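Working notes for the structure below.
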Amino acid sequence: MTIERLETKQRMSRIVKHNGTIYLCGQVCADAAKDITEQTQTMLDKVETLLEQAGSSKEHMLSATIYLKTMADFAQMNEVWDAWVPEGYAPARACVQAAMARDTLLVEISVVAAQK
């Protein structure tokens, strides 16, 4: 079985495809100076773009793990998430509080999806 790695660097690949499953590396926002709402939206926009690049879509997400700098942002992040995920296509999901790689990052996500 072939493993396809896209945009591979020393530390990670942005996308890995194997046996009809797509794995995305952790995605963060486009601008870490923004609030949790904008960070979440731009992060999810990046996920959507990568899923399309990999031959998938948000309707094909299998699981998502969301990392929040503080659980105080949970409700606001969920408002953006709920509007982004198509009704009836919610993946299995976990959300945890975690230390971020940069202090200004408020949210990160890791996604696994099926190919179309």
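We label chains A, B, ... in the order they appear in the structure tokens, count residues from 1 in each chain, and number ligands from 1 in the order shown.
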Contacts of range 51-68 of chain A within 10 Å, only C-alpha atoms, excl. fewer than 2 positions in-chain, as an MDAnalysis selection string
chainID A and resid 6 15:17 20:24 26:28 36 44:49 70:74 77 84:100 105:116
Any chance you could export the current selection's N, CA and C atoms as a compact mmCIF listing (two decimals), in the first residue's frame?
# COMPACT_ATOMS: atom_id res chain seq x y z
N LEU A 6 2.45 14.94 0.87
CA LEU A 6 2.44 16.20 0.13
C LEU A 6 3.01 17.31 0.99
N ILE A 15 0.08 17.04 4.26
CA ILE A 15 -0.97 16.06 3.97
C ILE A 15 -0.31 14.70 3.79
N VAL A 16 -0.90 13.67 4.38
CA VAL A 16 -0.48 12.30 4.14
C VAL A 16 -1.72 11.51 3.73
N LYS A 17 -1.60 10.76 2.62
CA LYS A 17 -2.70 9.92 2.14
C LYS A 17 -2.26 8.47 2.23
N GLY A 20 -6.94 5.42 1.25
CA GLY A 20 -8.20 6.15 1.20
C GLY A 20 -8.44 7.08 2.38
N THR A 21 -7.44 7.23 3.24
CA THR A 21 -7.56 8.12 4.40
C THR A 21 -6.57 9.26 4.26
N ILE A 22 -7.02 10.45 4.62
CA ILE A 22 -6.21 11.66 4.54
C ILE A 22 -5.94 12.18 5.95
N TYR A 23 -4.69 12.45 6.22
CA TYR A 23 -4.27 12.99 7.51
C TYR A 23 -3.68 14.38 7.27
N LEU A 24 -4.20 15.37 7.96
CA LEU A 24 -3.66 16.72 7.86
C LEU A 24 -2.79 17.01 9.08
N GLY A 26 -1.29 19.54 11.96
CA GLY A 26 -1.98 20.53 12.75
C GLY A 26 -2.08 21.86 12.02
N GLN A 27 -3.26 22.46 12.05
CA GLN A 27 -3.48 23.73 11.37
C GLN A 27 -3.78 24.81 12.40
N VAL A 28 -3.21 25.97 12.17
CA VAL A 28 -3.45 27.13 13.03
C VAL A 28 -3.99 28.26 12.16
N ILE A 36 -10.23 34.78 19.11
CA ILE A 36 -10.52 33.35 18.94
C ILE A 36 -11.47 33.10 17.77
N LEU A 44 -10.02 27.00 10.06
CA LEU A 44 -10.94 26.09 9.37
C LEU A 44 -10.92 26.33 7.86
N ASP A 45 -10.71 27.57 7.43
CA ASP A 45 -10.55 27.85 6.00
C ASP A 45 -9.34 27.10 5.44
N LYS A 46 -8.26 27.08 6.20
CA LYS A 46 -7.06 26.35 5.77
C LYS A 46 -7.33 24.85 5.70
N VAL A 47 -8.06 24.32 6.68
CA VAL A 47 -8.42 22.89 6.66
C VAL A 47 -9.22 22.58 5.41
N GLU A 48 -10.21 23.41 5.11
CA GLU A 48 -11.04 23.18 3.93
C GLU A 48 -10.21 23.17 2.64
N THR A 49 -9.29 24.11 2.52
CA THR A 49 -8.41 24.18 1.35
C THR A 49 -7.55 22.92 1.24
N THR A 70 -7.00 28.10 26.05
CA THR A 70 -7.79 28.19 27.28
C THR A 70 -9.22 27.74 27.00
N MET A 71 -9.80 27.00 27.90
CA MET A 71 -11.18 26.56 27.73
C MET A 71 -12.17 27.71 27.85
N ALA A 72 -11.71 28.88 28.26
CA ALA A 72 -12.57 30.06 28.28
C ALA A 72 -13.04 30.42 26.86
N ASP A 73 -12.31 29.95 25.84
CA ASP A 73 -12.66 30.21 24.44
C ASP A 73 -13.54 29.13 23.82
N PHE A 74 -13.90 28.12 24.59
CA PHE A 74 -14.64 26.96 24.08
C PHE A 74 -15.94 27.36 23.38
N MET A 77 -15.30 29.36 20.08
CA MET A 77 -14.75 28.48 19.06
C MET A 77 -15.87 27.60 18.50
N TRP A 84 -19.49 26.09 10.52
CA TRP A 84 -18.62 25.60 9.45
C TRP A 84 -18.92 24.16 9.07
N VAL A 85 -19.23 23.31 10.04
CA VAL A 85 -19.47 21.89 9.76
C VAL A 85 -20.88 21.73 9.17
N PRO A 86 -20.98 21.10 8.00
CA PRO A 86 -22.31 20.90 7.41
C PRO A 86 -23.18 20.02 8.31
N GLU A 87 -24.45 20.39 8.42
CA GLU A 87 -25.37 19.64 9.27
C GLU A 87 -25.41 18.18 8.83
N GLY A 88 -25.28 17.30 9.81
CA GLY A 88 -25.30 15.86 9.54
C GLY A 88 -23.94 15.26 9.22
N TYR A 89 -22.89 16.08 9.17
CA TYR A 89 -21.55 15.59 8.80
C TYR A 89 -20.51 15.83 9.89
N ALA A 90 -20.93 16.00 11.12
CA ALA A 90 -19.97 16.23 12.21
C ALA A 90 -19.06 15.01 12.38
N PRO A 91 -17.75 15.23 12.45
CA PRO A 91 -16.83 14.11 12.66
C PRO A 91 -16.79 13.73 14.14
N ALA A 92 -16.17 12.61 14.44
CA ALA A 92 -15.81 12.32 15.83
C ALA A 92 -14.86 13.43 16.24
N ARG A 93 -15.02 13.96 17.46
CA ARG A 93 -14.23 15.13 17.83
C ARG A 93 -13.81 15.08 19.29
N ALA A 94 -12.63 15.61 19.53
CA ALA A 94 -12.15 15.85 20.89
C ALA A 94 -11.68 17.29 20.95
N CYS A 95 -11.81 17.90 22.11
CA CYS A 95 -11.33 19.27 22.32
C CYS A 95 -10.65 19.31 23.67
N VAL A 96 -9.38 19.73 23.67
CA VAL A 96 -8.61 19.75 24.91
C VAL A 96 -7.89 21.08 25.06
N GLN A 97 -7.57 21.42 26.27
CA GLN A 97 -6.73 22.59 26.54
C GLN A 97 -5.28 22.15 26.43
N ALA A 98 -4.47 23.00 25.77
CA ALA A 98 -3.07 22.63 25.55
C ALA A 98 -2.19 23.87 25.47
N ALA A 99 -0.93 23.69 25.80
CA ALA A 99 0.05 24.75 25.60
C ALA A 99 0.30 24.86 24.09
N MET A 100 0.40 26.07 23.59
CA MET A 100 0.59 26.29 22.16
C MET A 100 2.06 26.53 21.84
N LEU A 105 -1.00 32.05 19.71
CA LEU A 105 -1.95 31.09 19.12
C LEU A 105 -2.99 30.70 20.16
N LEU A 106 -4.26 30.71 19.76
CA LEU A 106 -5.34 30.37 20.67
C LEU A 106 -5.97 29.02 20.36
N VAL A 107 -5.78 28.51 19.13
CA VAL A 107 -6.45 27.28 18.72
C VAL A 107 -5.65 26.58 17.61
N GLU A 108 -5.69 25.25 17.63
CA GLU A 108 -5.07 24.43 16.60
C GLU A 108 -5.97 23.23 16.38
N ILE A 109 -5.93 22.66 15.18
CA ILE A 109 -6.76 21.50 14.88
C ILE A 109 -5.98 20.47 14.08
N SER A 110 -6.27 19.22 14.33
CA SER A 110 -5.74 18.10 13.57
C SER A 110 -6.93 17.32 13.01
N VAL A 111 -6.90 17.02 11.73
CA VAL A 111 -8.06 16.41 11.05
C VAL A 111 -7.64 15.15 10.30
N VAL A 112 -8.53 14.14 10.36
CA VAL A 112 -8.42 12.93 9.55
C VAL A 112 -9.70 12.85 8.73
N ALA A 113 -9.56 12.55 7.43
CA ALA A 113 -10.72 12.50 6.55
C ALA A 113 -10.60 11.34 5.57
N ALA A 114 -11.72 10.95 5.01
CA ALA A 114 -11.74 9.95 3.94
C ALA A 114 -11.64 10.68 2.60
N GLN A 115 -11.04 10.01 1.62
CA GLN A 115 -11.03 10.56 0.28
C GLN A 115 -12.43 10.44 -0.31
N LYS A 116 -12.75 11.32 -1.25
CA LYS A 116 -14.06 11.26 -1.93
C LYS A 116 -14.12 10.01 -2.77
### Message
Run DSSP on the backbone and tell me which residues of chain A come out as strand (DSSP E or B); list them as a ChimeraX atom specification.
### Response
/A:3-8,13-18,21-24,27,61-68,92-97,107-114
message = Please return, as JSON, numbers by chain, all residues of chain A that DSSP assigns to helix (DSSP H, G or I) on the basis of the backbone.
response = {"A": [36, 37, 38, 39, 40, 41, 42, 43, 44, 45, 46, 47, 48, 49, 50, 51, 52, 53, 58, 59, 60, 71, 72, 73, 74, 75, 76, 77, 78, 79, 80, 81, 82, 83, 84]}
task: Grab the CA of Arg14 in chain A to CA of Cys29 in chain A distance for me, in Å with one decimal place.
output: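 Those two atoms sit 14.7 Å apart.
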Using only C-alpha atoms, the best pick from A:Glu4, A:Ala32, A:Gln41, A:Arg102 as closest to Asp82 in chain A would be A:Gln41
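The spacing separating CA of Thr42 in chain A from CA of Asp103 in chain A amounts to 17.6 Å.
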Open item on the list: Between CA of Arg11 in chain A and CA of Thr40 in chain A, what is the distance in Å, rounded to a tenth?
Closed with: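 About the pair CA of Arg11 in chain A and CA of Thr40 in chain A: they are 23.9 Å apart.
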